[in-house]
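One file, protein_36.pdb, carrying PDB, C-alpha atoms:
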```
ATOM      1  CA  MET A 894       0.000   0.000   0.000
ATOM      2  CA  ALA A 895       1.305   3.450  -0.935
ATOM      3  CA  LYS A 896       2.634   5.656   1.847
ATOM      4  CA  LYS A 897       0.081   8.263   2.926
ATOM      5  CA  ILE A 898       1.333  11.524   4.331
ATOM      6  CA  ARG A 899      -0.517  14.202   6.245
ATOM      7  CA  LEU A 900      -0.572  17.806   5.102
ATOM      8  CA  ILE A 901      -0.459  20.216   8.040
ATOM      9  CA  ALA A 902      -0.932  23.987   7.997
ATOM     10  CA  ARG A 903       1.568  25.624  10.339
ATOM     11  CA  LEU A 904       0.436  28.853  11.975
ATOM     12  CA  ASP A 905       3.098  30.785  13.897
ATOM     13  CA  VAL A 906       1.468  33.220  16.316
ATOM     14  CA  LYS A 907       2.902  36.251  18.102
ATOM     15  CA  ASN A 908       0.468  37.820  20.563
ATOM     16  CA  ASP A 909      -2.822  37.567  18.618
ATOM     17  CA  HIS A 910      -1.397  37.777  15.101
ATOM     18  CA  LEU A 911      -0.455  35.167  12.538
ATOM     19  CA  VAL A 912       3.145  35.962  11.588
ATOM     20  CA  LYS A 913       5.700  34.635   9.115
ATOM     21  CA  GLY A 914       9.414  35.144   8.978
ATOM     22  CA  ILE A 915      12.529  33.691   7.385
ATOM     23  CA  GLN A 916      14.676  31.408   9.555
ATOM     24  CA  LEU A 917      12.175  32.238  12.342
ATOM     25  CA  GLU A 918      13.179  35.937  12.245
ATOM     26  CA  GLY A 919      12.014  39.185  10.591
ATOM     27  CA  LEU A 920       8.376  38.488  11.370
ATOM     28  CA  ARG A 921       5.611  39.918   9.227
ATOM     29  CA  LYS A 922       2.038  40.213  10.555
ATOM     30  CA  LEU A 923      -0.510  38.499   8.306
ATOM     31  CA  GLY A 924      -3.812  38.709  10.181
ATOM     32  CA  ASP A 925      -6.137  36.769  12.454
ATOM     33  CA  PRO A 926      -4.841  33.175  12.832
ATOM     34  CA  HIS A 927      -8.371  31.874  13.304
ATOM     35  CA  ASP A 928      -9.443  33.124   9.865
ATOM     36  CA  PHE A 929      -6.510  31.378   8.211
ATOM     37  CA  ALA A 930      -7.112  28.172  10.186
ATOM     38  CA  ALA A 931     -10.792  28.072   9.270
ATOM     39  CA  ASP A 932      -9.946  28.659   5.604
ATOM     40  CA  TYR A 933      -7.385  25.828   5.528
ATOM     41  CA  TYR A 934      -9.889  23.519   7.234
ATOM     42  CA  ARG A 935     -12.492  24.313   4.559
ATOM     43  CA  GLN A 936      -9.869  23.628   1.898
ATOM     44  CA  GLY A 937      -9.248  20.147   3.325
ATOM     45  CA  VAL A 938      -5.975  20.349   5.245
ATOM     46  CA  ASP A 939      -5.422  17.310   7.464
ATOM     47  CA  GLU A 940      -4.214  18.989  10.657
ATOM     48  CA  LEU A 941      -3.299  22.354  12.148
ATOM     49  CA  LEU A 942      -0.129  23.263  14.000
ATOM     50  CA  TYR A 943      -0.268  26.383  16.183
ATOM     51  CA  MET A 944       3.062  27.674  17.493
ATOM     52  CA  ASP A 945       3.311  30.554  19.964
ATOM     53  CA  ILE A 946       6.733  31.680  18.813
ATOM     54  CA  VAL A 947       7.491  34.120  21.641
ATOM     55  CA  ALA A 948       6.050  32.014  24.441
ATOM     56  CA  SER A 949       9.344  30.627  25.743
ATOM     57  CA  LEU A 950      10.772  34.132  25.823
ATOM     58  CA  TYR A 951       7.943  35.331  28.084
ATOM     59  CA  ASN A 952       7.382  32.028  29.938
ATOM     60  CA  ARG A 953       3.804  31.549  28.865
ATOM     61  CA  ASN A 954       1.616  30.100  26.117
ATOM     62  CA  ASN A 955      -0.851  32.626  24.799
ATOM     63  CA  LEU A 956      -2.839  30.333  22.503
ATOM     64  CA  SER A 957      -5.654  29.076  24.730
ATOM     65  CA  ALA A 958      -8.257  31.567  23.504
ATOM     66  CA  ILE A 959      -7.242  31.117  19.856
ATOM     67  CA  VAL A 960      -7.408  27.325  20.137
ATOM     68  CA  ARG A 961     -10.779  27.425  21.915
ATOM     69  CA  ARG A 962     -12.176  29.667  19.175
ATOM     70  CA  THR A 963     -10.742  27.472  16.422
ATOM     71  CA  THR A 964     -12.228  24.258  17.805
ATOM     72  CA  ASP A 965     -15.710  25.777  17.614
ATOM     73  CA  ASP A 966     -15.699  25.371  13.826
ATOM     74  CA  VAL A 967     -12.613  23.346  12.903
ATOM     75  CA  PHE A 968     -12.817  19.569  13.364
ATOM     76  CA  ILE A 969      -9.365  18.203  12.574
ATOM     77  CA  PRO A 970      -6.435  17.432  14.896
ATOM     78  CA  ILE A 971      -4.667  20.472  16.345
ATOM     79  CA  THR A 972      -1.141  20.461  17.759
ATOM     80  CA  VAL A 973      -0.111  23.383  19.951
ATOM     81  CA  GLY A 974       3.440  24.381  20.875
ATOM     82  CA  GLY A 975       5.328  27.205  22.501
ATOM     83  CA  GLY A 976       5.884  27.887  26.190
ATOM     84  CA  LEU A 977       4.488  24.598  27.498
ATOM     85  CA  ARG A 978       6.535  23.923  30.617
ATOM     86  CA  SER A 979       4.520  21.461  32.698
ATOM     87  CA  VAL A 980       1.860  18.765  32.695
ATOM     88  CA  ASP A 981      -0.596  21.434  33.862
ATOM     89  CA  ASP A 982       0.242  23.632  30.851
ATOM     90  CA  VAL A 983      -0.416  20.699  28.536
ATOM     91  CA  ARG A 984      -3.641  19.815  30.344
ATOM     92  CA  SER A 985      -4.804  23.403  29.867
ATOM     93  CA  ILE A 986      -4.343  23.437  26.091
ATOM     94  CA  LEU A 987      -5.913  19.985  25.777
ATOM     95  CA  GLN A 988      -8.939  21.251  27.698
ATOM     96  CA  MET A 989      -9.184  24.094  25.188
ATOM     97  CA  GLY A 990      -9.477  21.531  22.395
ATOM     98  CA  ALA A 991      -5.921  20.768  21.278
ATOM     99  CA  ASP A 992      -5.090  17.124  20.532
ATOM    100  CA  LYS A 993      -1.298  17.175  20.909
ATOM    101  CA  ALA A 994       1.374  19.271  22.605
ATOM    102  CA  ALA A 995       4.679  20.144  20.930
ATOM    103  CA  ILE A 996       7.432  20.766  23.479
ATOM    104  CA  ASN A 997      10.946  21.957  22.681
ATOM    105  CA  THR A 998      12.519  24.453  25.124
ATOM    106  CA  ALA A 999      11.153  22.872  28.312
ATOM    107  CA  ALA A1000      12.296  19.399  27.196
ATOM    108  CA  ILE A1001      15.821  20.623  26.521
ATOM    109  CA  LYS A1002      15.934  22.237  29.961
ATOM    110  CA  ASP A1003      14.407  19.227  31.761
ATOM    111  CA  GLU A1004      13.915  16.077  29.697
ATOM    112  CA  SER A1005      11.703  14.484  32.371
ATOM    113  CA  ILE A1006       8.752  16.538  31.068
ATOM    114  CA  ILE A1007       8.653  14.232  28.023
ATOM    115  CA  THR A1008       7.934  11.203  30.210
ATOM    116  CA  GLN A1009       5.562  13.134  32.471
ATOM    117  CA  VAL A1010       3.395  14.297  29.543
ATOM    118  CA  ALA A1011       3.473  10.882  27.865
ATOM    119  CA  GLU A1012       2.415   9.147  31.085
ATOM    120  CA  ALA A1013      -0.327  11.690  31.811
ATOM    121  CA  PHE A1014      -1.916  11.883  28.357
ATOM    122  CA  GLY A1015      -0.404   9.113  26.218
ATOM    123  CA  SER A1016       2.677   9.205  24.035
ATOM    124  CA  GLN A1017       0.576  10.145  20.977
ATOM    125  CA  CYS A1018      -0.023  13.516  22.673
ATOM    126  CA  MET A1019       3.674  14.212  23.355
ATOM    127  CA  VAL A1020       5.339  15.749  20.294
ATOM    128  CA  LEU A1021       9.030  16.572  20.699
ATOM    129  CA  GLY A1022       9.797  19.788  18.834
ATOM    130  CA  ILE A1023      13.320  19.994  17.410
ATOM    131  CA  GLU A1024      14.666  23.155  15.763
ATOM    132  CA  ALA A1025      17.665  22.019  13.748
ATOM    133  CA  LYS A1026      20.572  24.020  12.348
ATOM    134  CA  LYS A1027      23.490  22.558  10.415
ATOM    135  CA  ARG A1028      26.698  22.818  12.402
ATOM    136  CA  ARG A1029      29.130  25.337  10.934
ATOM    137  CA  ASP A1030      32.133  23.811  12.691
ATOM    138  CA  GLY A1031      31.708  20.192  11.681
ATOM    139  CA  PRO A1032      29.280  17.499  10.505
ATOM    140  CA  GLY A1033      25.771  17.036  11.817
ATOM    141  CA  TYR A1034      23.034  19.263  13.174
ATOM    142  CA  GLU A1035      22.512  20.990  16.511
ATOM    143  CA  ALA A1036      19.139  21.328  18.256
ATOM    144  CA  TYR A1037      18.193  24.906  19.138
ATOM    145  CA  TYR A1038      15.461  26.332  21.356
ATOM    146  CA  ASP A1039      13.667  29.627  22.084
ATOM    147  CA  ASN A1040      12.479  29.793  18.457
ATOM    148  CA  GLY A1041      15.900  29.042  17.001
ATOM    149  CA  ARG A1042      17.758  31.590  19.116
ATOM    150  CA  GLU A1043      19.589  29.477  21.669
ATOM    151  CA  HIS A1044      22.148  26.672  21.340
ATOM    152  CA  SER A1045      21.414  23.458  23.237
ATOM    153  CA  GLY A1046      24.668  21.715  22.349
ATOM    154  CA  LYS A1047      22.603  18.594  21.621
ATOM    155  CA  ASP A1048      23.032  16.592  18.413
ATOM    156  CA  VAL A1049      19.664  16.495  16.618
ATOM    157  CA  ILE A1050      19.697  12.761  15.840
ATOM    158  CA  GLU A1051      20.841  11.735  19.335
ATOM    159  CA  TRP A1052      18.283  14.066  20.922
ATOM    160  CA  ALA A1053      15.470  12.658  18.777
ATOM    161  CA  ARG A1054      16.389   9.104  19.794
ATOM    162  CA  ARG A1055      16.555  10.156  23.441
ATOM    163  CA  GLY A1056      13.169  11.889  23.226
ATOM    164  CA  VAL A1057      11.500   8.794  21.777
ATOM    165  CA  ALA A1058      13.088   6.600  24.470
ATOM    166  CA  LEU A1059      11.615   8.964  27.087
ATOM    167  CA  GLY A1060       8.105   8.693  25.616
ATOM    168  CA  ALA A1061       7.695  11.140  22.719
ATOM    169  CA  GLY A1062       5.198   9.689  20.250
ATOM    170  CA  GLU A1063       5.998  12.051  17.412
ATOM    171  CA  ILE A1064       8.786  14.412  16.333
ATOM    172  CA  LEU A1065       8.254  17.888  14.894
ATOM    173  CA  LEU A1066      11.448  18.671  12.981
ATOM    174  CA  THR A1067      11.915  22.283  11.864
ATOM    175  CA  SER A1068      14.876  23.045   9.627
ATOM    176  CA  VAL A1069      15.764  26.595  10.674
ATOM    177  CA  ASP A1070      18.263  26.888   7.799
ATOM    178  CA  LYS A1071      15.522  26.243   5.226
ATOM    179  CA  GLU A1072      12.590  27.906   7.018
ATOM    180  CA  GLY A1073      10.763  30.590   5.028
ATOM    181  CA  PHE A1074      12.798  30.318   1.833
ATOM    182  CA  GLU A1075      10.422  27.984  -0.110
ATOM    183  CA  ARG A1076      13.434  26.446  -1.871
ATOM    184  CA  GLY A1077      13.124  22.865  -0.721
ATOM    185  CA  MET A1078      13.297  20.958   2.532
ATOM    186  CA  ASP A1079      16.403  19.466   4.165
ATOM    187  CA  CYS A1080      15.945  15.944   2.800
ATOM    188  CA  PRO A1081      19.330  14.589   3.985
ATOM    189  CA  LEU A1082      18.439  15.585   7.556
ATOM    190  CA  ILE A1083      14.884  14.266   7.185
ATOM    191  CA  ARG A1084      16.187  10.943   5.853
ATOM    192  CA  GLU A1085      18.708  10.543   8.674
ATOM    193  CA  LEU A1086      16.267  11.451  11.436
ATOM    194  CA  CYS A1087      13.405   9.308  10.111
ATOM    195  CA  ALA A1088      15.745   6.331   9.882
ATOM    196  CA  ALA A1089      16.857   6.897  13.491
ATOM    197  CA  VAL A1090      13.446   6.876  15.204
ATOM    198  CA  SER A1091      10.435   4.578  15.214
ATOM    199  CA  VAL A1092       7.754   7.281  15.564
ATOM    200  CA  PRO A1093       6.101   9.552  12.961
ATOM    201  CA  VAL A1094       8.059  12.659  11.979
ATOM    202  CA  ILE A1095       6.426  15.964  10.975
ATOM    203  CA  VAL A1096       8.806  18.085   8.910
ATOM    204  CA  SER A1097       8.682  21.858   8.587
ATOM    205  CA  GLY A1098      10.800  24.463   6.852
ATOM    206  CA  GLY A1099      11.358  25.188   3.181
ATOM    207  CA  CYS A1100       8.382  23.657   1.390
ATOM    208  CA  GLY A1101       7.883  25.598  -1.855
ATOM    209  CA  GLY A1102       5.407  23.270  -3.550
ATOM    210  CA  PRO A1103       4.222  19.697  -4.064
ATOM    211  CA  GLY A1104       7.605  18.456  -5.300
ATOM    212  CA  ASP A1105       9.256  19.509  -2.046
ATOM    213  CA  ALA A1106       6.539  17.844   0.043
ATOM    214  CA  ALA A1107       6.807  14.652  -2.008
ATOM    215  CA  ALA A1108      10.601  14.632  -1.614
ATOM    216  CA  ALA A1109      10.207  14.956   2.159
ATOM    217  CA  ALA A1110       7.775  12.032   2.158
ATOM    218  CA  GLN A1111      10.183   9.955   0.084
ATOM    219  CA  ALA A1112      12.865  10.770   2.674
ATOM    220  CA  GLY A1113      10.633   9.258   5.355
ATOM    221  CA  ALA A1114       8.426  12.065   6.683
ATOM    222  CA  SER A1115       4.960  11.100   7.879
ATOM    223  CA  ALA A1116       3.637  14.659   7.622
ATOM    224  CA  VAL A1117       4.664  17.933   5.998
ATOM    225  CA  ALA A1118       3.865  21.242   7.696
ATOM    226  CA  VAL A1119       3.566  24.189   5.297
ATOM    227  CA  ALA A1120       3.147  27.891   5.964
ATOM    228  CA  SER A1121       4.354  30.544   3.484
ATOM    229  CA  ILE A1122       2.924  29.043   0.308
ATOM    230  CA  LEU A1123      -0.534  28.821   1.890
ATOM    231  CA  HIS A1124      -0.416  32.094   3.820
ATOM    232  CA  TYR A1125       0.658  34.071   0.731
ATOM    233  CA  LYS A1126      -1.870  32.190  -1.441
ATOM    234  CA  LYS A1127       0.769  30.811  -3.805
ATOM    235  CA  THR A1128      -1.196  27.570  -3.807
ATOM    236  CA  THR A1129      -4.243  26.001  -2.185
ATOM    237  CA  VAL A1130      -4.580  22.825  -0.142
ATOM    238  CA  PRO A1131      -6.364  20.944  -2.995
ATOM    239  CA  GLN A1132      -3.698  22.045  -5.509
ATOM    240  CA  LEU A1133      -0.930  20.997  -3.138
ATOM    241  CA  LYS A1134      -2.486  17.595  -2.476
ATOM    242  CA  ALA A1135      -3.101  16.978  -6.186
ATOM    243  CA  GLY A1136       0.488  17.912  -6.979
ATOM    244  CA  ILE A1137       1.864  15.613  -4.272
ATOM    245  CA  ARG A1138      -0.196  12.730  -5.713
ATOM    246  CA  GLU A1139       1.242  13.457  -9.154
ATOM    247  CA  HIS A1140       4.666  12.737  -7.628
ATOM    248  CA  GLY A1141       3.461   9.284  -6.590
ATOM    249  CA  ILE A1142       2.810  10.068  -2.919
ATOM    250  CA  GLU A1143      -0.652   9.522  -1.490
ATOM    251  CA  VAL A1144      -2.091  12.151   0.870
ATOM    252  CA  ARG A1145      -4.725  11.657   3.573
TER     253      ARG A1145
END
```
Can the structure from this file be put into structure tokens for me?
Amino acid sequence: MAKKIRLIARLDVKNDHLVKGIQLEGLRKLGDPHDFAADYYRQGVDELLYMDIVASLYNRNNLSAIVRRTTDDVFIPITVGGGLRSVDDVRSILQMGADKAAINTAAIKDESIITQVAEAFGSQCMVLGIEAKKRRDGPGYEAYYDNGREHSGKDVIEWARRGVALGAGEILLTSVDKEGFERGMDCPLIRELCAAVSVPVIVSGGCGGPGDAAAAAQAGASAVAVASILHYKKTTVPQLKAGIREHGIEVR
């Protein structure tokens, strides 16, 4: 049976605005995230990914109201990330209607949160967020946190394996080097990481069209998260899905 990938709309939020940058910087305000989310749902996207991109900086997640509003008229899985630091934080966003929690900064600072969240809500709820940058001083990739601002010193592949061993049921891999450029995804990194872990991997950063999404799927990704090309109306969800199928990859 042909591999089926999920197409996810990624919505980066700062305060109450949908924003988009390049390499997670130089953010441009685009509008009300709820309006974009509802539109992508109507178009047939498989899931939504909400990221509060300044939450770790201010030690809070500001998405509860946005998520609650979205779940009133959007009926697909929603993953929420940014500033989640405890089981109580995760419980709060789940009560608002989210299905999964993506955790990056807090897990790097205290890896036990991965196990705590997995034990409290099931491993399928615990998504380990990894912001990857290629090392300039040697081979491999380093995991970053605080929206790509801070070094962790951790090797991306080793950290992904560790996260899965601790209970993460999914990985959200963002290539910071590729993010926002729409010039293709980091398929060598995707291939290496997907081969290293036994759980589904969502990939984000650099998707410029159906060929890029298909290449990511061929490298092992279970889901592709896209932002710019949808936000700037360079394509639609149906066009993207049709194009991915033309490359021989089935979409949900």
If the PyMOL selection byres ((chain A and resi 1080) around 8) is run on the structure shown, which residues does it catch, given as a CSV table (one decimal) with C-alpha atoms, in the frame of the given file?
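Okay, this is what ended up in expr_30.csv:
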```csv
chain,number,residue,atom,x,y,z
A,1078,MET,CA,13.3,21.0,2.5
A,1079,ASP,CA,16.4,19.5,4.2
A,1081,PRO,CA,19.3,14.6,4.0
A,1082,LEU,CA,18.4,15.6,7.6
A,1083,ILE,CA,14.9,14.3,7.2
A,1084,ARG,CA,16.2,10.9,5.9
A,1108,ALA,CA,10.6,14.6,-1.6
A,1109,ALA,CA,10.2,15.0,2.2
A,1112,ALA,CA,12.9,10.8,2.7
```
I'd like the interatomic distance between CA of Thr972 (chain A) and CA of Gly1141 (chain A), to a tenth of an Å. 27.2 Å
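In this comparison, which uses all atoms listed in the file, the residue of A:Leu1086, A:Leu904, A:Ile986, A:Ala1118 approaching Ala958 (chain A) most closely is A:Ile986.
For the pair CA of Ala1025 (chain A) and CA of Ala1061 (chain A), the interatomic distance is 17.3 Å.
The nearest approach to Gly1136 (chain A) among the residues A:Val967, A:Ala1107, A:Leu923, A:Val912, with all atoms listed in the file taken into account, belongs to A:Ala1107.
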When the PyMOL selection byres ((chain A and resi 1007) around 8) is applied to the structure above, which residues does it catch, written out as a list in words? Ala1000, Glu1004, Ser1005, Ile1006, Thr1008, Gln1009, Val1010, Ala1011, Met1019, Leu1021, Gly1056, Leu1059, Gly1060 and Ala1061 of chain A
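The environment of Gly1099 (chain A) within 9 Å, counting all atoms listed in the file and disregarding residues fewer than 5 places along the same chain, consists of Ser1068, Val1069, Asp1070, Lys1071, Glu1072, Gly1073, Phe1074, Glu1075, Arg1076, Gly1077, Met1078, Asp1079, Asp1105, Val1119 and Ser1121 of chain A.
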For the file shown, report as a PDB file with C-alpha atoms, in the frame of the given file the outcome of the PyMOL selection byres ((chain A and resi 1043-1053) around 8) at residue level.
```pdb
ATOM      1  CA  ILE A1001      15.821  20.623  26.521  1.00  0.00           C
ATOM      2  CA  LEU A1021       9.030  16.572  20.699  1.00  0.00           C
ATOM      3  CA  ILE A1023      13.320  19.994  17.410  1.00  0.00           C
ATOM      4  CA  ALA A1025      17.665  22.019  13.748  1.00  0.00           C
ATOM      5  CA  GLY A1033      25.771  17.036  11.817  1.00  0.00           C
ATOM      6  CA  TYR A1034      23.034  19.263  13.174  1.00  0.00           C
ATOM      7  CA  GLU A1035      22.512  20.990  16.511  1.00  0.00           C
ATOM      8  CA  ALA A1036      19.139  21.328  18.256  1.00  0.00           C
ATOM      9  CA  TYR A1037      18.193  24.906  19.138  1.00  0.00           C
ATOM     10  CA  TYR A1038      15.461  26.332  21.356  1.00  0.00           C
ATOM     11  CA  ASP A1039      13.667  29.627  22.084  1.00  0.00           C
ATOM     12  CA  ASN A1040      12.479  29.793  18.457  1.00  0.00           C
ATOM     13  CA  GLY A1041      15.900  29.042  17.001  1.00  0.00           C
ATOM     14  CA  ARG A1042      17.758  31.590  19.116  1.00  0.00           C
ATOM     15  CA  ARG A1054      16.389   9.104  19.794  1.00  0.00           C
ATOM     16  CA  ARG A1055      16.555  10.156  23.441  1.00  0.00           C
ATOM     17  CA  GLY A1056      13.169  11.889  23.226  1.00  0.00           C
ATOM     18  CA  VAL A1057      11.500   8.794  21.777  1.00  0.00           C
ATOM     19  CA  ILE A1064       8.786  14.412  16.333  1.00  0.00           C
ATOM     20  CA  GLU A1085      18.708  10.543   8.674  1.00  0.00           C
ATOM     21  CA  LEU A1086      16.267  11.451  11.436  1.00  0.00           C
ATOM     22  CA  ALA A1089      16.857   6.897  13.491  1.00  0.00           C
ATOM     23  CA  VAL A1090      13.446   6.876  15.204  1.00  0.00           C
TER      24      VAL A1090
END
```
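Remark: for Lys1126 (chain A), the closest of the candidate residues A:Gly1101, A:Val960, A:Val947, A:His1140 is A:Gly1101 (distances computed over only C-alpha atoms).
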Contact residues around His927 (chain A) with all atoms listed in the file at 9 Å, ignoring same-chain residues under 2 positions, as a list in words: Leu911, Gly924, Asp925, Phe929, Ala930, Ala931, Asp932, Ile959, Val960, Arg962 and Thr963 of chain A
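Picture a line from CA of Gly1113 (chain A) to CA of Ile1095 (chain A); it runs 9.7 Å.
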Compare A:Leu1066, A:Ile1142, A:Ile901, A:Ile915 by their minimum atom-to-atom distance to Pro970 (chain A), counting only C-alpha atoms, and give me the closest one. A:Ile901
Go through A:Leu956, A:Leu900, A:Arg978, A:Gly1031 and flag the residue nearest Leu1133 (chain A), using all atoms listed in the file for the distances. A:Leu900
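Compared by their closest atoms to Ser1016 (chain A), and using all atoms listed in the file, the residues A:Val1092, A:Ala991, A:Ile971, A:Arg1029 rank with A:Val1092 nearest.
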Do a neighbour search on Lys907 (chain A) at 10 Å with only C-alpha atoms, toss out local chain neighbours closer than 4 positions, and write the hits as a PDB file with C-alpha atoms, in the frame of the given file.
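Result file is part22.pdb:
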```pdb
ATOM      1  CA  LEU A 911      -0.455  35.167  12.538  1.00  0.00           C
ATOM      2  CA  VAL A 912       3.145  35.962  11.588  1.00  0.00           C
ATOM      3  CA  LYS A 913       5.700  34.635   9.115  1.00  0.00           C
ATOM      4  CA  LEU A 920       8.376  38.488  11.370  1.00  0.00           C
ATOM      5  CA  ARG A 921       5.611  39.918   9.227  1.00  0.00           C
ATOM      6  CA  LYS A 922       2.038  40.213  10.555  1.00  0.00           C
ATOM      7  CA  PRO A 926      -4.841  33.175  12.832  1.00  0.00           C
ATOM      8  CA  MET A 944       3.062  27.674  17.493  1.00  0.00           C
ATOM      9  CA  ASP A 945       3.311  30.554  19.964  1.00  0.00           C
ATOM     10  CA  ILE A 946       6.733  31.680  18.813  1.00  0.00           C
ATOM     11  CA  VAL A 947       7.491  34.120  21.641  1.00  0.00           C
ATOM     12  CA  ALA A 948       6.050  32.014  24.441  1.00  0.00           C
ATOM     13  CA  ASN A 955      -0.851  32.626  24.799  1.00  0.00           C
ATOM     14  CA  LEU A 956      -2.839  30.333  22.503  1.00  0.00           C
TER      15      LEU A 956
END
```
